[in-house]
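Everything on this sheet refers to the single structure shown next.
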Amino acid sequence: MRWKDDIGAPLNTRHIDVIDGIRALGVLIVMWFHVWQQSWLMPAVQLPFLSFLGIDQYNPDIVRRSGYLLVDLMMLISAFCLFLPHARNMLEGEKLPSWKQFYKKRAVRILPSYYLCVLGLFFLFALPTNAYNGNTSFMWRDLVSHLTFTQMYQVDTFVSTNLNVVLWTVAIEVQFYLIFPFIAKWFRKNPGLTYIGMVAVSLAYIYLYALRQPYLMMTVNRMPTFLCVFANGMMAAYAYVAIANKYRREKAVGYVSMGVSILCIAVFAAIAPAAIAGDKQAWQLENRYLLSSLFTVFILSTALSAKAYRVLYSNRLMRFLAAISYNLYIWHQWIAANFKQWRIPGWEGDALPNQTGDLAWQWKYTLIVYSVSIASAALITYGFEKPMAKLLLKDPKLRLPAAPPSEAEAGIGE
């Protein structure tokens with residue numbers, strides 16, 4: 001079997017194969033959550049072959065309702081991939097790009113698709129449909145805040161935006177990019193102290209400020225609350241490269257790591273009900289560091305797992321979904337919300353079909369949204385994003401590495 005061939009092989013520190021699938025699954029689960037919010041489709045998986053155990057079906061309702069938590073996983077992956085070259089510099093002596101090269105690559109990777117979304121929605125949808133109802137103050141604040149990645153600092157531009165509500169995650173990423181070269185420099189000099197400092201700042205912000213605010217929606221998703229997540233991602237990259245420099249793949253370690261990876265999934269499923277039982281924002285803030293620590297163990301154990309397990313995360317389908325995941329993340333929620341508003345697919349009467357339990361409509365709607373979202377993401381990725389990258393990165397020294405998306409295109413939903 002092909003997946004047995006890498007026993008004794010060194011770990012690849014340039015491209016971690018499972019990151020593609022983990023990122024793709026993270027985006028798909030977040031997408032599942034957003035589409036479910038509109039459709040209320042809650043199908044159960046029938047398991048007749050387990051009836052002798054008293055188990056006839058599995059209802060993934062908890063995963064569906066807690067899918068928003070996977071945004072933290074994607075933030076973690078971003079920091080992991082961003083710090084990998086720095087970890088190789090520390091442990092393997094690899095030369096680092098200059099800070100100018102870093103910023104240019106990040107800008108070329110993130111900005112074209114982001115601004116295409118913001119400006120496209122503003123000029124082609126918000127203005128023609130009079131979405132702002134003559135409120136020019138809100139209109140300009142909505143546009144300018146999105147163009148400057150500051151939309152989460154005002155209630156209306158964050159919660160009531162007429163552009164695209166999920167873009168706040170890209171804003172968090174861009175804010176982290178601005179300080180990353182400085183943090184990475186400190187981390188290379190003293191990993192332990194920098195890690196502790198990042199976590200301490202994040203937890204202090206969470207407990208001394210964010211949790212004390214009356215409207216948690218406005219503080220749960222601020223960049224300082226994610227510093228502990230980014231710290232775990234950077235430490236995970238350092239740990240992976242350190243392990244890779246002393247370890248070759250072994251059968252026993254591979255299967256033990258696979259068990260740990262599956263255990264992490266089980267732990268997430270066990271704690272997810274608590275995340276949706278009460279105040280979701282408070283739970284997120286209080287458990288962001290611990291949840292990202294669980295994701296860290298999951299990523300490392302999956303990367304060290306036997307190839308028979310890793311192929312679930314590293315295959316052609318997962319690589320394709322990872323390649324389009326940035327645009328899939330950007331567009332899926334807007335498509336889901338607006339298709340329902342536009343009655344695509346149509347339904348009779350004034351009552352919303354998700355509220356009346358119209359199962360046929362729920363399935364049609366879900367399949368249409370998924371199909372259009374994936375097709376749109378692929379079209380924008382290969383018809384706009386990648387050509388723009390080639391055009392903007394004319395300097396060979398600044399070109400994106402010829403590697404799969406997991407490292408060459410680190411970032412939220414990528």
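Ligands are numbered from 1 in the order shown, residues from 1 within each chain, and chains are lettered A, B, ... in the order they appear in the structure tokens.
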Exercise: A:Val35 partners within 6 Å, only C-alpha atoms, chain neighbours under 3 positions left out, as a VMD selection string: chain A and resid 32 38 336
Take the residues from that selection and put them in a file with N, CA, C and O atoms, as a PDB file, in the first residue's frame.
```pdb
ATOM      1  N   TRP A  32     -20.548  25.023   7.044  1.00  0.00           N
ATOM      2  CA  TRP A  32     -21.698  24.218   7.473  1.00  0.00           C
ATOM      3  C   TRP A  32     -22.520  24.986   8.504  1.00  0.00           C
ATOM      4  O   TRP A  32     -23.752  25.035   8.441  1.00  0.00           O
ATOM      5  N   GLN A  38     -29.108  29.416   8.019  1.00  0.00           N
ATOM      6  CA  GLN A  38     -30.128  29.842   7.065  1.00  0.00           C
ATOM      7  C   GLN A  38     -31.120  28.730   6.728  1.00  0.00           C
ATOM      8  O   GLN A  38     -32.315  28.988   6.520  1.00  0.00           O
ATOM      9  N   ALA A 336     -24.927  32.436   1.058  1.00  0.00           N
ATOM     10  CA  ALA A 336     -25.991  31.751   1.801  1.00  0.00           C
ATOM     11  C   ALA A 336     -27.085  32.717   2.228  1.00  0.00           C
ATOM     12  O   ALA A 336     -28.281  32.452   2.047  1.00  0.00           O
TER      13      ALA A 336
END
```
For A:Ser145: contacts at 8 Å, only C-alpha atoms, fewer than 5 positions along chain excluded, given as a count of residues only: 3
Shell around A:Gln154 at 12 Å using only C-alpha atoms, local window under 2 positions removed, as a count of residues only: 22
Helix (DSSP H, G or I) residues, from DSSP on the backbone, in stretch 80-326 of chain A, as an MDAnalysis selection string: chainID A and resid 80:92 99:126 136:147 151:153 155:159 165:189 191:208 210:212 216:218 223:244 251:277 280:303 307:310 316:326
Proximity to A:Tyr68 - best of A:Cys228, A:Val30, A:Leu285, A:Leu300, only C-alpha atoms: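 Using only C-alpha atoms, the shortest distance to A:Tyr68 belongs to A:Val30.
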Spatial neighbours of A:Ala377, max dist 9 Å, only C-alpha atoms, sep filter under 6 positions, as a ChimeraX atom specification: /A:324-332
Expected file contents, prior selection, C-alpha atoms, as an mmCIF file, in the first residue's frame:
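Saved result, selection.cif, follows:
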```cif
data_model
loop_
_atom_site.group_PDB
_atom_site.id
_atom_site.type_symbol
_atom_site.label_atom_id
_atom_site.label_comp_id
_atom_site.auth_asym_id
_atom_site.auth_seq_id
_atom_site.Cartn_x
_atom_site.Cartn_y
_atom_site.Cartn_z
ATOM 1 C CA ILE A 324 -9.670 27.752 -2.881
ATOM 2 C CA SER A 325 -10.409 27.941 0.853
ATOM 3 C CA TYR A 326 -9.603 31.652 1.225
ATOM 4 C CA ASN A 327 -12.207 32.700 -1.323
ATOM 5 C CA LEU A 328 -14.565 29.970 -0.164
ATOM 6 C CA TYR A 329 -14.384 31.419 3.320
ATOM 7 C CA ILE A 330 -14.864 34.983 2.089
ATOM 8 C CA TRP A 331 -17.923 34.319 -0.053
ATOM 9 C CA HIS A 332 -19.924 31.397 1.378
#
```
Within 10 Å of A:Tyr370 using only C-alpha atoms, minus same-chain residues under 2 positions, as a ChimeraX atom specification: /A:28,31-32,35,328,332,335-336,365-368,372-376
Stretch 17-206 of chain A: residues DSSP assigns to strand (DSSP E), reported as a PyMOL selection string: chain A and resi 45-46+57-58
Would you save the residues of that selection, restricted to C-alpha atoms, as an mmCIF file, in the first residue's frame?
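The file below, selection-v2.cif, is the result:
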```
data_model
loop_
_atom_site.group_PDB
_atom_site.id
_atom_site.type_symbol
_atom_site.label_atom_id
_atom_site.label_comp_id
_atom_site.auth_asym_id
_atom_site.auth_seq_id
_atom_site.Cartn_x
_atom_site.Cartn_y
_atom_site.Cartn_z
ATOM 1 C CA VAL A 45 -26.520 9.762 9.676
ATOM 2 C CA GLN A 46 -28.205 6.366 9.759
ATOM 3 C CA GLN A 57 -28.058 6.924 13.973
ATOM 4 C CA TYR A 58 -25.635 9.756 14.629
#
```
Residue contacts of stretch 185-196 of chain A (7 Å, only C-alpha atoms) excluding same-chain residues fewer than 3 positions away, as a PyMOL selection string: chain A and resi 90+181-182+199-200+231
Shell of 8 Å around stretch 304-308 of chain A, only C-alpha atoms, local chain residues under 5 positions omitted, as number ranges by chain: A: 3-4, 6, 249, 251, 253-258, 261
Would you mind exporting the chosen residues as a PDB file, in the first residue's frame, restricted to N, CA and C atoms?
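Written file, again-v6.pdb:
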```pdb
ATOM      1  N   TRP A   3       0.506   4.132   1.408  1.00  0.00           N
ATOM      2  CA  TRP A   3       0.677   4.893   2.650  1.00  0.00           C
ATOM      3  C   TRP A   3       1.670   4.263   3.614  1.00  0.00           C
ATOM      4  N   LYS A   4       2.208   3.073   3.273  1.00  0.00           N
ATOM      5  CA  LYS A   4       3.218   2.444   4.121  1.00  0.00           C
ATOM      6  C   LYS A   4       4.633   2.818   3.686  1.00  0.00           C
ATOM      7  N   ASP A   6       6.399   5.540   3.631  1.00  0.00           N
ATOM      8  CA  ASP A   6       7.244   6.561   4.244  1.00  0.00           C
ATOM      9  C   ASP A   6       7.766   6.174   5.621  1.00  0.00           C
ATOM     10  N   ARG A 249      10.085   8.856  10.579  1.00  0.00           N
ATOM     11  CA  ARG A 249       8.783   8.224  10.783  1.00  0.00           C
ATOM     12  C   ARG A 249       8.935   6.765  11.205  1.00  0.00           C
ATOM     13  N   LYS A 251       6.606   3.296  12.699  1.00  0.00           N
ATOM     14  CA  LYS A 251       5.265   2.725  12.673  1.00  0.00           C
ATOM     15  C   LYS A 251       4.542   2.921  14.002  1.00  0.00           C
ATOM     16  N   VAL A 253       5.124   5.037  16.531  1.00  0.00           N
ATOM     17  CA  VAL A 253       4.852   6.445  16.818  1.00  0.00           C
ATOM     18  C   VAL A 253       3.715   6.955  15.942  1.00  0.00           C
ATOM     19  N   GLY A 254       3.683   6.504  14.694  1.00  0.00           N
ATOM     20  CA  GLY A 254       2.640   6.919  13.774  1.00  0.00           C
ATOM     21  C   GLY A 254       1.257   6.539  14.250  1.00  0.00           C
ATOM     22  N   TYR A 255       1.114   5.317  14.758  1.00  0.00           N
ATOM     23  CA  TYR A 255      -0.207   4.876  15.200  1.00  0.00           C
ATOM     24  C   TYR A 255      -0.586   5.449  16.560  1.00  0.00           C
ATOM     25  N   VAL A 256       0.394   5.674  17.419  1.00  0.00           N
ATOM     26  CA  VAL A 256       0.101   6.350  18.683  1.00  0.00           C
ATOM     27  C   VAL A 256      -0.348   7.785  18.414  1.00  0.00           C
ATOM     28  N   SER A 257       0.346   8.457  17.495  1.00  0.00           N
ATOM     29  CA  SER A 257      -0.019   9.817  17.141  1.00  0.00           C
ATOM     30  C   SER A 257      -1.409   9.868  16.520  1.00  0.00           C
ATOM     31  N   MET A 258      -1.736   8.878  15.720  1.00  0.00           N
ATOM     32  CA  MET A 258      -3.074   8.800  15.138  1.00  0.00           C
ATOM     33  C   MET A 258      -4.121   8.687  16.243  1.00  0.00           C
ATOM     34  N   SER A 261      -4.555  12.069  17.799  1.00  0.00           N
ATOM     35  CA  SER A 261      -5.323  12.938  16.903  1.00  0.00           C
ATOM     36  C   SER A 261      -6.813  12.651  17.001  1.00  0.00           C
TER      37      SER A 261
END
```
Selected residue, from A:Val220, A:Phe123, A:Ala389, A:Ile77, that lies nearest to A:Ser292 when counting only C-alpha atoms: A:Ile77
